[in-house]
Amino acid sequence: MQRTRIWRASLAAIVALAFADVAFAADCNRSCLEGFVDRYLDAVIADQPSGAPLAPNVRFTEDGQQLVIGDGLWNTMRAKGHYRLFVSDVPAGQVAFFGTIEEDHRDPDKGTAALIALRLKVRNQQITEIEQIVIRDENASKRVEGLGAPNALYVQAVPANERMSRADLISTANKYFSGMQQNDGKGDYPFAADCNRIENGGQATNAPTPAGEKRPDPKTSAGYSGQWTCLEQFQSGLLHFVNRIRDRRFVAVDEERGIVFAFGFFDHSGGATRTFTVPDGRTITAGPVQPWTWEIAELFKVEKGKIRKIEALLHRSPYGMPSGWSTFTQGMSEAARDVTME
């Protein structure tokens, strides 16, 4: 009887702590979470860690490397850009962000354009985790800045009776990764008719056919085209050379707006993985010749079980690069992981 009472008391304490953690997260609403992003970036620009509400044990990674606060981008960022896209996960107390930034230049009167993909975890009004990828590609940054503002669809709420659960949103978004990995043209590809993908500010699907050229035919082409729709690209089977999409970490989900944000790595191993058979039986050789990894942050707008918009920031990283947030086994796994509520 004594042990039973102790067990029940311990269970009650655990449940109370769990509810308290959710309550603390919920105390920071959408506006609050987005405000933490600005407070953090302002502190980075000033190179003053004390300017951000950092928890004493805050953990910080940049491009997969764990660093001490004040290192990396803290040394070089000088301004925020105009492009700002948030994914606020209020129940989880997590916020993800795509934005343009400016870093130092050899000429002190100039700046160098760059991109940032950022995740913050907020607990008790403090930042406990910072994960960022800095894409130091001036042309890509200028393309994203040139977009002006994120697609208006991202901030539109999904009607309450059409909203999908966190699990279903992640499952639908993960079909994109599973459909691209060793793409065979025969998978479950849940794309809406108006699906479009933007990568580093460039149109990766539905791109206009250049004047004087003929739109490539998905049934006869030897390589996939950015002029095709999302569905045409996947049904072509020509993305097969993306032989592994690993460490699929879903870090923020906005059920109200139907948006999912994930970090991951796309591996192209080269060698025999470059040769494959497409749905019509042709043998194709394509993809990077040497081992190649893309470190990527990607978000998906999902409605009625279909992916409508995809936006990604990415850069090349060392082959087999880890995220800094996973074990080796997790980092090499192709399984989807919901880490939003951890």
# chains A, B, ... in the order shown; residues from 1 in each chain; ligands from 1
>>> residues_around(residues="A:Gln203", least_positions_apart="3", cutoff="12 Å", atoms="only C-alpha atoms", output="list in words")
Ala140, Arg143, Val144, Leu147, Cys195, Asn196, Arg197, Ile198, Glu199, Asn200, Asn206, Ala207, Pro208, Thr209, Ser225, Gly226, Gln227, Trp228, Thr229, Cys230, Lys309, Ile310, Glu311 and Ala312 of chain A
>>> atom_distance(atom1="atom CA of A:Gly93", atom2="atom CA of A:Thr329")
26.4 Å
>>> select_by_dssp(residues="stretch 160-330 of chain A", states="strand (DSSP E or B)", output="number ranges by chain")
A: 191-199, 202-203, 244-254, 259-268, 275-277, 283-285, 292-303, 306-317
>>> closest_atom_pairs(of="stretch 245-320 of chain A", to="stretch 156-179 of chain A", cutoff="9 Å", atoms="only C-alpha atoms", output="tab-separated table")
residue	atom	partner	partner_atom	distance
A:Ile245	CA	A:Phe177	CA	6.5
A:Arg246	CA	A:Phe177	CA	8.9
A:Arg248	CA	A:Asn174	CA	8.1
A:Phe250	CA	A:Ile170	CA	7.1
A:Val253	CA	A:Arg166	CA	6.5
A:Asp254	CA	A:Arg166	CA	8.0
A:Glu255	CA	A:Arg166	CA	6.3
A:Glu256	CA	A:Ala157	CA	5.5
A:Arg257	CA	A:Ala157	CA	4.4
A:Gly258	CA	A:Val158	CA	6.4
A:Ile259	CA	A:Leu169	CA	7.6
A:Val260	CA	A:Ile170	CA	6.6
A:Phe261	CA	A:Ile170	CA	8.9
A:Ala262	CA	A:Ala173	CA	8.9
A:Leu299	CA	A:Ala173	CA	8.5
A:Phe300	CA	A:Ala173	CA	6.4
A:Lys301	CA	A:Ala173	CA	8.6
A:Val302	CA	A:Leu169	CA	6.8
A:Glu303	CA	A:Val158	CA	7.3
A:Lys304	CA	A:Glu162	CA	6.6
A:Gly305	CA	A:Thr172	CA	6.6
A:Lys306	CA	A:Thr172	CA	7.3
A:Ile307	CA	A:Ala173	CA	7.2
>>> write_last_selection(atoms="N, CA and C atoms", output="mmCIF file, in the first residue's frame")
data_model
loop_
_atom_site.group_PDB
_atom_site.id
_atom_site.type_symbol
_atom_site.label_atom_id
_atom_site.label_comp_id
_atom_site.auth_asym_id
_atom_site.auth_seq_id
_atom_site.Cartn_x
_atom_site.Cartn_y
_atom_site.Cartn_z
ATOM 1 N N ILE A 245 17.962 10.393 -48.032
ATOM 2 C CA ILE A 245 17.535 11.613 -47.347
ATOM 3 C C ILE A 245 17.417 11.233 -45.877
ATOM 4 N N ARG A 246 18.333 11.733 -45.079
ATOM 5 C CA ARG A 246 18.500 11.231 -43.713
ATOM 6 C C ARG A 246 18.370 12.341 -42.666
ATOM 7 N N ARG A 248 15.881 13.206 -40.891
ATOM 8 C CA ARG A 248 14.684 14.008 -41.202
ATOM 9 C C ARG A 248 14.051 14.463 -39.892
ATOM 10 N N PHE A 250 11.693 16.903 -37.990
ATOM 11 C CA PHE A 250 10.593 17.863 -38.106
ATOM 12 C C PHE A 250 10.568 18.671 -36.814
ATOM 13 N N VAL A 253 5.776 22.755 -36.274
ATOM 14 C CA VAL A 253 4.522 22.486 -36.989
ATOM 15 C C VAL A 253 3.512 23.552 -36.601
ATOM 16 N N ASP A 254 2.939 24.213 -37.585
ATOM 17 C CA ASP A 254 1.900 25.218 -37.353
ATOM 18 C C ASP A 254 0.594 24.651 -37.898
ATOM 19 N N GLU A 255 -0.182 24.020 -37.014
ATOM 20 C CA GLU A 255 -1.421 23.371 -37.446
ATOM 21 C C GLU A 255 -2.441 24.379 -37.964
ATOM 22 N N GLU A 256 -2.454 25.564 -37.382
ATOM 23 C CA GLU A 256 -3.415 26.585 -37.811
ATOM 24 C C GLU A 256 -3.188 26.987 -39.265
ATOM 25 N N ARG A 257 -1.928 27.096 -39.673
ATOM 26 C CA ARG A 257 -1.607 27.513 -41.036
ATOM 27 C C ARG A 257 -1.234 26.350 -41.950
ATOM 28 N N GLY A 258 -1.151 25.148 -41.385
ATOM 29 C CA GLY A 258 -0.837 23.982 -42.199
ATOM 30 C C GLY A 258 0.585 23.988 -42.720
ATOM 31 N N ILE A 259 1.556 24.353 -41.867
ATOM 32 C CA ILE A 259 2.958 24.439 -42.293
ATOM 33 C C ILE A 259 3.815 23.513 -41.439
ATOM 34 N N VAL A 260 4.735 22.839 -42.110
ATOM 35 C CA VAL A 260 5.693 21.946 -41.450
ATOM 36 C C VAL A 260 7.097 22.400 -41.826
ATOM 37 N N PHE A 261 8.008 22.432 -40.839
ATOM 38 C CA PHE A 261 9.397 22.853 -41.054
ATOM 39 C C PHE A 261 10.308 21.704 -40.647
ATOM 40 N N ALA A 262 11.261 21.354 -41.523
ATOM 41 C CA ALA A 262 12.158 20.228 -41.255
ATOM 42 C C ALA A 262 13.598 20.575 -41.612
ATOM 43 N N LEU A 299 10.450 23.837 -45.739
ATOM 44 C CA LEU A 299 9.109 23.942 -45.171
ATOM 45 C C LEU A 299 8.067 23.615 -46.225
ATOM 46 N N PHE A 300 6.928 23.113 -45.730
ATOM 47 C CA PHE A 300 5.858 22.631 -46.586
ATOM 48 C C PHE A 300 4.534 23.246 -46.144
ATOM 49 N N LYS A 301 3.798 23.784 -47.088
ATOM 50 C CA LYS A 301 2.427 24.239 -46.844
ATOM 51 C C LYS A 301 1.509 23.114 -47.309
ATOM 52 N N VAL A 302 0.736 22.581 -46.372
ATOM 53 C CA VAL A 302 -0.089 21.410 -46.658
ATOM 54 C C VAL A 302 -1.557 21.751 -46.415
ATOM 55 N N GLU A 303 -2.401 21.429 -47.378
ATOM 56 C CA GLU A 303 -3.842 21.633 -47.238
ATOM 57 C C GLU A 303 -4.579 20.430 -47.795
ATOM 58 N N LYS A 304 -5.557 19.949 -47.062
ATOM 59 C CA LYS A 304 -6.392 18.822 -47.497
ATOM 60 C C LYS A 304 -5.547 17.622 -47.923
ATOM 61 N N GLY A 305 -4.467 17.401 -47.197
ATOM 62 C CA GLY A 305 -3.633 16.253 -47.475
ATOM 63 C C GLY A 305 -2.708 16.405 -48.662
ATOM 64 N N LYS A 306 -2.629 17.619 -49.223
ATOM 65 C CA LYS A 306 -1.802 17.858 -50.399
ATOM 66 C C LYS A 306 -0.769 18.952 -50.109
ATOM 67 N N ILE A 307 0.422 18.790 -50.676
ATOM 68 C CA ILE A 307 1.475 19.790 -50.542
ATOM 69 C C ILE A 307 1.288 20.850 -51.614
#
>>> atom_distance(atom1="atom CA of A:Gly185", atom2="atom CA of A:Thr273")
16.2 Å
>>> closest_residue(among="A:Gln125, A:Ile130, A:Val68, A:Gln94", to="A:Leu41", atoms="only C-alpha atoms")
A:Ile130
>>> select_by_dssp(residues="stretch 120-197 of chain A", states="helix (DSSP H, G or I)", output="ChimeraX atom specification")
/A:138-146,152-155,160-162,166-180
>>> atom_distance(atom1="atom CA of A:Ala46", atom2="atom CA of A:Thr112")
16.7 Å
>>> closest_residue(among="A:Phe234, A:Trp294, A:Phe276, A:Tyr154", to="A:Asp188", atoms="only C-alpha atoms")
A:Phe234
>>> closest_residue(among="A:Thr275, A:Pro56, A:Phe36, A:Asp63", to="A:Pro322", atoms="only C-alpha atoms")
A:Asp63
>>> closest_residue(among="A:Ile127, A:Leu314, A:Ala96, A:Ala252", to="A:Arg39", atoms="only C-alpha atoms")
A:Ile127
>>> residues_around(residues="A:Glu129", least_positions_apart="3", cutoff="9 Å", atoms="only C-alpha atoms", output="list in words")
Leu54, Ala55, Asn57, Val58, Arg59, Phe60, Thr61, Arg119, Leu120, Lys121 and Val122 of chain A
>>> write_last_selection(atoms="N, CA and C atoms", output="PDB file, in the first residue's frame")
ATOM      1  N   LEU A  54      18.844  34.344 -23.000  1.00  0.00           N
ATOM      2  CA  LEU A  54      19.399  33.002 -23.136  1.00  0.00           C
ATOM      3  C   LEU A  54      19.364  32.273 -21.793  1.00  0.00           C
ATOM      4  N   ALA A  55      18.957  31.011 -21.839  1.00  0.00           N
ATOM      5  CA  ALA A  55      19.006  30.184 -20.632  1.00  0.00           C
ATOM      6  C   ALA A  55      20.469  29.900 -20.285  1.00  0.00           C
ATOM      7  N   ASN A  57      22.005  27.237 -19.668  1.00  0.00           N
ATOM      8  CA  ASN A  57      22.539  26.036 -20.316  1.00  0.00           C
ATOM      9  C   ASN A  57      22.151  25.974 -21.794  1.00  0.00           C
ATOM     10  N   VAL A  58      21.948  27.115 -22.433  1.00  0.00           N
ATOM     11  CA  VAL A  58      21.525  27.148 -23.834  1.00  0.00           C
ATOM     12  C   VAL A  58      22.505  26.374 -24.709  1.00  0.00           C
ATOM     13  N   ARG A  59      21.964  25.637 -25.686  1.00  0.00           N
ATOM     14  CA  ARG A  59      22.791  24.869 -26.612  1.00  0.00           C
ATOM     15  C   ARG A  59      22.698  25.514 -27.985  1.00  0.00           C
ATOM     16  N   PHE A  60      23.858  25.653 -28.660  1.00  0.00           N
ATOM     17  CA  PHE A  60      23.942  26.424 -29.902  1.00  0.00           C
ATOM     18  C   PHE A  60      24.737  25.661 -30.947  1.00  0.00           C
ATOM     19  N   THR A  61      24.121  25.485 -32.129  1.00  0.00           N
ATOM     20  CA  THR A  61      24.862  24.925 -33.264  1.00  0.00           C
ATOM     21  C   THR A  61      24.721  25.837 -34.473  1.00  0.00           C
ATOM     22  N   ARG A 119      16.252  27.900 -35.895  1.00  0.00           N
ATOM     23  CA  ARG A 119      15.263  27.329 -34.975  1.00  0.00           C
ATOM     24  C   ARG A 119      15.620  27.742 -33.556  1.00  0.00           C
ATOM     25  N   LEU A 120      14.618  28.210 -32.824  1.00  0.00           N
ATOM     26  CA  LEU A 120      14.780  28.521 -31.405  1.00  0.00           C
ATOM     27  C   LEU A 120      13.769  27.711 -30.605  1.00  0.00           C
ATOM     28  N   LYS A 121      14.228  27.194 -29.490  1.00  0.00           N
ATOM     29  CA  LYS A 121      13.326  26.575 -28.528  1.00  0.00           C
ATOM     30  C   LYS A 121      13.226  27.509 -27.330  1.00  0.00           C
ATOM     31  N   VAL A 122      12.008  27.782 -26.913  1.00  0.00           N
ATOM     32  CA  VAL A 122      11.774  28.751 -25.840  1.00  0.00           C
ATOM     33  C   VAL A 122      11.077  28.062 -24.672  1.00  0.00           C
TER      34      VAL A 122
END
